[in-house]
file input_6.csv (CSV, N, CA and C atoms)
chain,number,residue,atom,x,y,z
A,319,PRO,N,0.8,-1.2,0.0
A,319,PRO,CA,0.0,0.0,0.0
A,319,PRO,C,0.9,1.3,0.0
A,320,LEU,N,0.3,2.3,-0.5
A,320,LEU,CA,1.0,3.6,-0.6
A,320,LEU,C,0.2,4.6,0.4
A,321,TRP,N,0.9,5.1,1.3
A,321,TRP,CA,0.4,6.1,2.3
A,321,TRP,C,0.6,7.5,1.7
A,322,VAL,N,-0.5,8.3,1.6
A,322,VAL,CA,-0.4,9.7,1.1
A,322,VAL,C,-1.2,10.6,2.0
A,323,ARG,N,-0.9,11.9,1.9
A,323,ARG,CA,-1.7,12.9,2.6
A,323,ARG,C,-2.4,13.9,1.7
A,324,HIS,N,-1.9,14.1,0.5
A,324,HIS,CA,-2.4,15.1,-0.4
A,324,HIS,C,-3.0,14.4,-1.6
A,325,VAL,N,-4.3,14.8,-1.9
A,325,VAL,CA,-5.0,14.2,-3.1
A,325,VAL,C,-5.5,15.4,-3.9
A,326,CYS,N,-5.3,15.4,-5.2
A,326,CYS,CA,-5.9,16.3,-6.1
A,326,CYS,C,-7.2,15.6,-6.6
A,327,ALA,N,-8.4,16.1,-6.1
A,327,ALA,CA,-9.6,15.4,-6.3
A,327,ALA,C,-10.4,16.0,-7.5
A,328,SER,N,-9.8,16.9,-8.2
A,328,SER,CA,-10.6,17.5,-9.3
A,328,SER,C,-10.3,16.8,-10.6
A,329,SER,N,-11.3,16.3,-11.3
A,329,SER,CA,-11.2,15.7,-12.6
A,329,SER,C,-12.6,15.6,-13.2
A,330,ALA,N,-12.7,15.4,-14.5
A,330,ALA,CA,-14.0,15.3,-15.2
A,330,ALA,C,-14.8,14.1,-14.7
A,331,GLU,N,-14.1,13.1,-14.2
A,331,GLU,CA,-14.8,11.9,-13.6
A,331,GLU,C,-15.2,12.0,-12.2
A,332,GLY,N,-14.9,13.2,-11.5
A,332,GLY,CA,-15.3,13.4,-10.2
A,332,GLY,C,-14.2,13.0,-9.1
A,333,GLY,N,-13.0,12.9,-9.5
A,333,GLY,CA,-12.0,12.6,-8.5
A,333,GLY,C,-11.5,11.2,-8.5
A,334,LEU,N,-10.9,10.8,-7.3
A,334,LEU,CA,-10.4,9.4,-7.2
A,334,LEU,C,-11.5,8.4,-7.0
A,335,VAL,N,-11.3,7.3,-7.6
A,335,VAL,CA,-12.2,6.2,-7.5
A,335,VAL,C,-11.5,4.9,-7.2
A,336,PRO,N,-11.9,4.1,-6.2
A,336,PRO,CA,-11.2,2.9,-5.9
A,336,PRO,C,-11.1,2.0,-7.1
A,337,GLY,N,-9.9,1.4,-7.3
A,337,GLY,CA,-9.6,0.6,-8.5
A,337,GLY,C,-9.2,1.3,-9.7
A,338,ARG,N,-9.3,2.6,-9.8
A,338,ARG,CA,-8.9,3.3,-11.0
A,338,ARG,C,-7.4,3.8,-10.9
A,339,GLU,N,-6.7,3.8,-12.0
A,339,GLU,CA,-5.3,4.2,-11.9
A,339,GLU,C,-5.2,5.6,-11.6
A,340,VAL,N,-4.1,5.9,-10.9
A,340,VAL,CA,-3.8,7.3,-10.5
A,340,VAL,C,-2.3,7.6,-10.9
A,341,MET,N,-2.0,8.8,-11.0
A,341,MET,CA,-0.6,9.2,-11.2
A,341,MET,C,-0.1,9.7,-9.8
A,342,VAL,N,1.1,9.1,-9.4
A,342,VAL,CA,1.7,9.5,-8.2
A,342,VAL,C,2.8,10.5,-8.5
A,343,ALA,N,2.7,11.7,-7.8
A,343,ALA,CA,3.6,12.8,-8.1
A,343,ALA,C,4.4,13.1,-6.8
A,344,ILE,N,5.7,13.2,-7.0
A,344,ILE,CA,6.6,13.6,-5.9
A,344,ILE,C,7.8,14.3,-6.5
A,345,ARG,N,8.2,15.3,-5.9
A,345,ARG,CA,9.4,16.0,-6.4
A,345,ARG,C,10.7,15.1,-6.1
A,346,PRO,N,11.6,15.1,-7.1
A,346,PRO,CA,12.7,14.2,-7.0
A,346,PRO,C,13.6,14.4,-5.7
A,347,GLU,N,13.7,15.7,-5.3
A,347,GLU,CA,14.5,16.0,-4.1
A,347,GLU,C,13.8,15.5,-2.8
A,348,GLN,N,12.6,15.1,-2.9
A,348,GLN,CA,11.8,14.6,-1.7
A,348,GLN,C,11.9,13.1,-1.6
A,349,ILE,N,12.6,12.4,-2.5
A,349,ILE,CA,12.7,10.9,-2.4
A,349,ILE,C,13.9,10.6,-1.6
A,350,GLY,N,13.7,9.8,-0.6
A,350,GLY,CA,14.9,9.3,0.2
A,350,GLY,C,15.5,8.1,-0.5
A,351,VAL,N,16.8,8.1,-0.5
A,351,VAL,CA,17.6,7.0,-1.2
A,351,VAL,C,18.5,6.3,-0.1
A,352,PHE,N,18.3,5.0,0.0
A,352,PHE,CA,19.0,4.2,1.0
A,352,PHE,C,19.6,3.0,0.4
A,353,ARG,N,20.8,2.6,1.0
A,353,ARG,CA,21.4,1.4,0.5
A,353,ARG,C,20.9,0.1,1.2
A,354,SER,N,20.3,0.3,2.3
A,354,SER,CA,19.6,-0.9,3.0
A,354,SER,C,18.2,-0.4,3.5
A,355,PRO,N,17.3,-1.3,3.7
A,355,PRO,CA,15.9,-0.9,4.0
A,355,PRO,C,15.9,0.0,5.3
A,356,PRO,N,15.4,1.2,5.2
A,356,PRO,CA,15.3,2.0,6.4
A,356,PRO,C,14.2,1.5,7.3
A,357,GLN,N,14.6,1.5,8.6
A,357,GLN,CA,13.7,0.9,9.6
A,357,GLN,C,12.6,1.9,10.0
A,358,GLY,N,11.4,1.4,10.2
A,358,GLY,CA,10.3,2.3,10.7
A,358,GLY,C,9.7,3.2,9.7
A,359,LYS,N,10.0,3.0,8.4
A,359,LYS,CA,9.5,3.9,7.3
A,359,LYS,C,8.4,3.2,6.5
A,360,ASN,N,7.4,4.0,6.0
A,360,ASN,CA,6.4,3.6,5.1
A,360,ASN,C,6.8,3.9,3.7
A,361,ASN,N,6.1,3.4,2.7
A,361,ASN,CA,6.3,3.8,1.3
A,361,ASN,C,7.8,3.6,0.9
A,362,VAL,N,8.4,2.4,1.2
A,362,VAL,CA,9.7,2.1,0.8
A,362,VAL,C,9.6,1.1,-0.3
A,363,VAL,N,10.3,1.4,-1.4
A,363,VAL,CA,10.3,0.6,-2.6
A,363,VAL,C,11.7,0.1,-3.0
A,364,PRO,N,11.9,-1.2,-3.1
A,364,PRO,CA,13.2,-1.7,-3.5
A,364,PRO,C,13.4,-1.5,-5.0
A,365,THR,N,14.7,-1.2,-5.4
A,365,THR,CA,15.0,-1.0,-6.8
A,365,THR,C,16.4,-1.5,-7.0
A,366,THR,N,16.8,-1.6,-8.3
A,366,THR,CA,18.1,-2.1,-8.7
A,366,THR,C,18.7,-1.1,-9.6
A,367,VAL,N,20.0,-0.8,-9.5
A,367,VAL,CA,20.8,0.1,-10.4
A,367,VAL,C,21.0,-0.7,-11.7
A,368,GLU,N,20.5,-0.1,-12.8
A,368,GLU,CA,20.7,-0.8,-14.1
A,368,GLU,C,21.9,-0.2,-14.9
A,369,ASP,N,22.2,1.1,-14.7
A,369,ASP,CA,23.2,1.7,-15.4
A,369,ASP,C,23.8,2.9,-14.6
A,370,VAL,N,25.1,3.2,-14.8
A,370,VAL,CA,25.7,4.3,-14.1
A,370,VAL,C,26.4,5.2,-15.1
A,371,ARG,N,26.2,6.5,-14.9
A,371,ARG,CA,27.0,7.5,-15.8
A,371,ARG,C,27.5,8.6,-14.9
A,372,PHE,N,28.8,8.8,-15.0
A,372,PHE,CA,29.5,9.9,-14.2
A,372,PHE,C,29.3,11.2,-15.0
A,373,LEU,N,28.8,12.3,-14.4
A,373,LEU,CA,28.6,13.5,-15.1
A,373,LEU,C,29.4,14.7,-14.5
A,374,GLY,N,30.6,14.4,-13.9
A,374,GLY,CA,31.5,15.4,-13.4
A,374,GLY,C,31.2,15.6,-11.9
A,375,ASP,N,30.2,16.4,-11.6
A,375,ASP,CA,29.9,16.7,-10.2
A,375,ASP,C,28.8,15.8,-9.6
A,376,ARG,N,28.3,14.9,-10.4
A,376,ARG,CA,27.2,13.9,-9.9
A,376,ARG,C,27.2,12.7,-10.8
A,377,TYR,N,26.5,11.7,-10.3
A,377,TYR,CA,26.2,10.5,-11.1
A,377,TYR,C,24.8,10.4,-11.5
A,378,GLU,N,24.5,9.8,-12.7
A,378,GLU,CA,23.2,9.6,-13.2
A,378,GLU,C,23.0,8.0,-13.1
A,379,TYR,N,22.0,7.6,-12.3
A,379,TYR,CA,21.8,6.2,-12.2
A,379,TYR,C,20.4,5.8,-12.8
A,380,THR,N,20.4,4.9,-13.7
A,380,THR,CA,19.2,4.4,-14.3
A,380,THR,C,18.8,3.2,-13.3
A,381,ILE,N,17.6,3.3,-12.8
A,381,ILE,CA,17.1,2.2,-11.9
A,381,ILE,C,15.8,1.6,-12.5
A,382,SER,N,15.6,0.4,-12.1
A,382,SER,CA,14.3,-0.3,-12.4
A,382,SER,C,13.3,0.0,-11.3
A,383,LEU,N,12.1,0.4,-11.7
A,383,LEU,CA,11.1,0.7,-10.7
A,383,LEU,C,9.8,0.0,-11.2
A,384,GLY,N,9.6,-1.2,-10.8
A,384,GLY,CA,8.5,-2.0,-11.4
A,384,GLY,C,8.9,-2.3,-12.8
A,385,LYS,N,8.0,-2.1,-13.7
A,385,LYS,CA,8.2,-2.3,-15.2
A,385,LYS,C,8.9,-1.1,-15.8
A,386,GLU,N,9.1,-0.1,-15.1
A,386,GLU,CA,9.6,1.2,-15.7
A,386,GLU,C,11.1,1.4,-15.3
A,387,LYS,N,11.7,2.2,-16.1
A,387,LYS,CA,13.1,2.7,-15.8
A,387,LYS,C,13.0,4.1,-15.5
A,388,ARG,N,13.8,4.6,-14.5
A,388,ARG,CA,13.8,6.0,-14.1
A,388,ARG,C,15.3,6.4,-13.9
A,389,VAL,N,15.5,7.7,-13.8
A,389,VAL,CA,16.9,8.2,-13.7
A,389,VAL,C,16.9,8.9,-12.3
A,390,LEU,N,18.0,8.6,-11.5
A,390,LEU,CA,18.3,9.3,-10.3
A,390,LEU,C,19.5,10.1,-10.5
A,391,LEU,N,19.6,11.4,-10.1
A,391,LEU,CA,20.8,12.1,-10.1
A,391,LEU,C,21.2,12.3,-8.7
A,392,LEU,N,22.4,11.8,-8.3
A,392,LEU,CA,22.9,11.8,-7.0
A,392,LEU,C,24.3,12.5,-7.0
A,393,PRO,N,24.7,13.0,-5.8
A,393,PRO,CA,26.1,13.6,-5.7
A,393,PRO,C,27.2,12.6,-6.1
A,394,GLY,N,28.3,13.2,-6.5
A,394,GLY,CA,29.4,12.4,-6.9
A,394,GLY,C,30.0,11.5,-5.9
A,395,SER,N,29.6,11.7,-4.6
A,395,SER,CA,30.2,10.9,-3.5
A,395,SER,C,29.4,9.5,-3.4
A,396,GLU,N,28.4,9.3,-4.1
A,396,GLU,CA,27.6,8.1,-3.9
A,396,GLU,C,28.3,6.8,-4.4
A,397,ASN,N,28.9,6.7,-5.4
A,397,ASN,CA,29.7,5.5,-5.9
A,397,ASN,C,28.9,4.2,-5.9
A,398,LEU,N,27.8,4.2,-6.5
A,398,LEU,CA,27.0,2.9,-6.7
A,398,LEU,C,27.4,2.2,-8.0
A,399,ARG,N,27.1,0.9,-8.1
A,399,ARG,CA,27.5,0.2,-9.3
A,399,ARG,C,26.3,-0.5,-9.8
A,400,THR,N,26.4,-0.9,-11.1
A,400,THR,CA,25.3,-1.7,-11.8
A,400,THR,C,25.1,-2.9,-11.0
A,401,GLY,N,23.8,-3.2,-10.7
A,401,GLY,CA,23.4,-4.4,-9.9
A,401,GLY,C,23.2,-4.1,-8.4
A,402,ASP,N,23.6,-2.9,-7.9
A,402,ASP,CA,23.4,-2.6,-6.5
A,402,ASP,C,21.9,-2.4,-6.3
A,403,LYS,N,21.5,-2.8,-5.0
A,403,LYS,CA,20.2,-2.7,-4.6
A,403,LYS,C,20.0,-1.3,-3.9
A,404,LEU,N,18.9,-0.6,-4.1
A,404,LEU,CA,18.6,0.6,-3.4
A,404,LEU,C,17.2,0.5,-2.9
A,405,PHE,N,16.9,1.4,-1.9
A,405,PHE,CA,15.6,1.5,-1.4
A,405,PHE,C,15.1,2.9,-1.4
A,406,LEU,N,14.0,3.2,-2.1
A,406,LEU,CA,13.5,4.6,-2.2
A,406,LEU,C,12.4,4.8,-1.3
A,407,GLU,N,12.4,5.9,-0.5
A,407,GLU,CA,11.3,6.2,0.4
A,407,GLU,C,10.6,7.4,-0.2
A,408,PHE,N,9.2,7.2,-0.3
A,408,PHE,CA,8.3,8.2,-0.8
A,408,PHE,C,7.5,8.7,0.5
A,409,THR,N,7.9,9.8,1.1
A,409,THR,CA,7.3,10.3,2.3
A,409,THR,C,5.8,10.7,2.0
A,410,ALA,N,4.9,10.2,2.9
A,410,ALA,CA,3.5,10.4,2.7
A,410,ALA,C,3.1,11.9,2.5
A,411,ASP,N,3.6,12.8,3.2
A,411,ASP,CA,3.2,14.2,3.1
A,411,ASP,C,3.8,14.9,1.9
A,412,LYS,N,4.6,14.2,1.2
A,412,LYS,CA,5.3,14.8,0.0
A,412,LYS,C,4.7,14.3,-1.3
A,413,ILE,N,3.7,13.3,-1.2
A,413,ILE,CA,3.1,12.7,-2.4
A,413,ILE,C,1.8,13.3,-2.7
A,414,THR,N,1.5,13.5,-4.0
A,414,THR,CA,0.1,13.9,-4.4
A,414,THR,C,-0.4,12.9,-5.4
A,415,LEU,N,-1.6,12.5,-5.3
A,415,LEU,CA,-2.3,11.6,-6.3
A,415,LEU,C,-3.2,12.4,-7.2
A,416,TRP,N,-3.1,12.0,-8.5
A,416,TRP,CA,-3.9,12.7,-9.5
A,416,TRP,C,-4.7,11.6,-10.3
A,417,PRO,N,-6.0,11.8,-10.4
A,417,PRO,CA,-6.8,10.8,-11.2
A,417,PRO,C,-6.3,10.8,-12.6
A,418,GLN,N,-6.4,9.6,-13.2
A,418,GLN,CA,-6.1,9.4,-14.6
A,418,GLN,C,-7.3,9.4,-15.5

call {"tool": "encode", "arguments": {"input": "input_6.csv", "output": "structure tokens"}}
result
Amino acid sequence: PLWVRHVCASSAEGGLVPGREVMVAIRPEQIGVFRSPPQGKNNVVPTTVEDVRFLGDRYEYTISLGKEKRVLLLPGSENLRTGDKLFLEFTADKITLWPQ
């Protein structure tokens, strides 16, 4: 389950409906990134580093997130490798749901 506090309920269909798809929105800087599962946290999603690119002052990590691939930009001090496991935390008060 995904715990949230903010919902955008305006849409032509009348807002959120159980069983209907939603778009989950969160600013990238609000996502917690951990190398091991954080204790006592909700909304933690495991992921795997698929690709690493060094961009001078930071790294670009392509990660698998379910069936999708996403890109994380992290400081140059992170030093992750392809195949490393990560855990992403999506804090409930930083998430907004939008009806699709």

call {"tool": "select_by_dssp", "arguments": {"input": "input_6.csv", "residues": "range 326-413 of chain A", "states": "helix (DSSP H, G or I)", "output": "ChimeraX atom specification"}}
result
/A:346-348,410-412

call {"tool": "write_last_selection", "arguments": {"input": "input_6.csv", "atoms": "N, CA and C atoms", "output": "PDB file, keeping the file's coordinate frame"}}
result
ATOM      1  N   PRO A 346      11.600  15.100  -7.100  1.00  0.00           N
ATOM      2  CA  PRO A 346      12.700  14.200  -7.000  1.00  0.00           C
ATOM      3  C   PRO A 346      13.600  14.400  -5.700  1.00  0.00           C
ATOM      4  N   GLU A 347      13.700  15.700  -5.300  1.00  0.00           N
ATOM      5  CA  GLU A 347      14.500  16.000  -4.100  1.00  0.00           C
ATOM      6  C   GLU A 347      13.800  15.500  -2.800  1.00  0.00           C
ATOM      7  N   GLN A 348      12.600  15.100  -2.900  1.00  0.00           N
ATOM      8  CA  GLN A 348      11.800  14.600  -1.700  1.00  0.00           C
ATOM      9  C   GLN A 348      11.900  13.100  -1.600  1.00  0.00           C
ATOM     10  N   ALA A 410       4.900  10.200   2.900  1.00  0.00           N
ATOM     11  CA  ALA A 410       3.500  10.400   2.700  1.00  0.00           C
ATOM     12  C   ALA A 410       3.100  11.900   2.500  1.00  0.00           C
ATOM     13  N   ASP A 411       3.600  12.800   3.200  1.00  0.00           N
ATOM     14  CA  ASP A 411       3.200  14.200   3.100  1.00  0.00           C
ATOM     15  C   ASP A 411       3.800  14.900   1.900  1.00  0.00           C
ATOM     16  N   LYS A 412       4.600  14.200   1.200  1.00  0.00           N
ATOM     17  CA  LYS A 412       5.300  14.800   0.000  1.00  0.00           C
ATOM     18  C   LYS A 412       4.700  14.300  -1.300  1.00  0.00           C
TER      19      LYS A 412
END

call {"tool": "closest_residue", "arguments": {"input": "input_6.csv", "among": "A:Gly394, A:Pro336, A:Pro355, A:Gly401", "to": "Val367 in chain A", "atoms": "only N, CA and C atoms"}}
result
A:Gly401

call {"tool": "atom_distance", "arguments": {"input": "input_6.csv", "atom1": "CA of Arg376 in chain A", "atom2": "CA of Gln357 in chain A"}}
result
27.0 Å

call {"tool": "residues_around", "arguments": {"input": "input_6.csv", "residues": "Pro346 in chain A", "least_positions_apart": "5", "cutoff": "10 Å", "atoms": "only C-alpha atoms", "output": "list of chain:residue names"}}
result
A:Val389, A:Leu390, A:Leu391, A:Phe408

call {"tool": "atom_distance", "arguments": {"input": "input_6.csv", "atom1": "atom C of Arg399 in chain A", "atom2": "CA of Thr365 in chain A"}}
result
11.7 Å

call {"tool": "atom_distance", "arguments": {"input": "input_6.csv", "atom1": "atom N of Gly358 in chain A", "atom2": "CA of Gly337 in chain A"}}
result
28.1 Å

call {"tool": "closest_residue", "arguments": {"input": "input_6.csv", "among": "A:Ile344, A:Tyr377, A:Glu368, A:Ser354", "to": "Ser395 in chain A", "atoms": "all atoms listed in the file"}}
result
A:Tyr377

call {"tool": "closest_residue", "arguments": {"input": "input_6.csv", "among": "A:Val340, A:Ile381, A:Val335, A:Val363", "to": "Thr400 in chain A", "atoms": "only C-alpha atoms"}}
result
A:Ile381

call {"tool": "closest_residue", "arguments": {"input": "input_6.csv", "among": "A:Glu407, A:Glu396, A:Glu386, A:Glu378", "to": "Pro356 in chain A", "atoms": "all atoms listed in the file"}}
result
A:Glu407

call {"tool": "residues_around", "arguments": {"input": "input_6.csv", "residues": "Phe352 in chain A", "least_positions_apart": "2", "cutoff": "5 Å", "atoms": "all atoms listed in the file", "output": "JSON, numbers by chain"}}
result
{"A": [350, 354, 404, 405]}
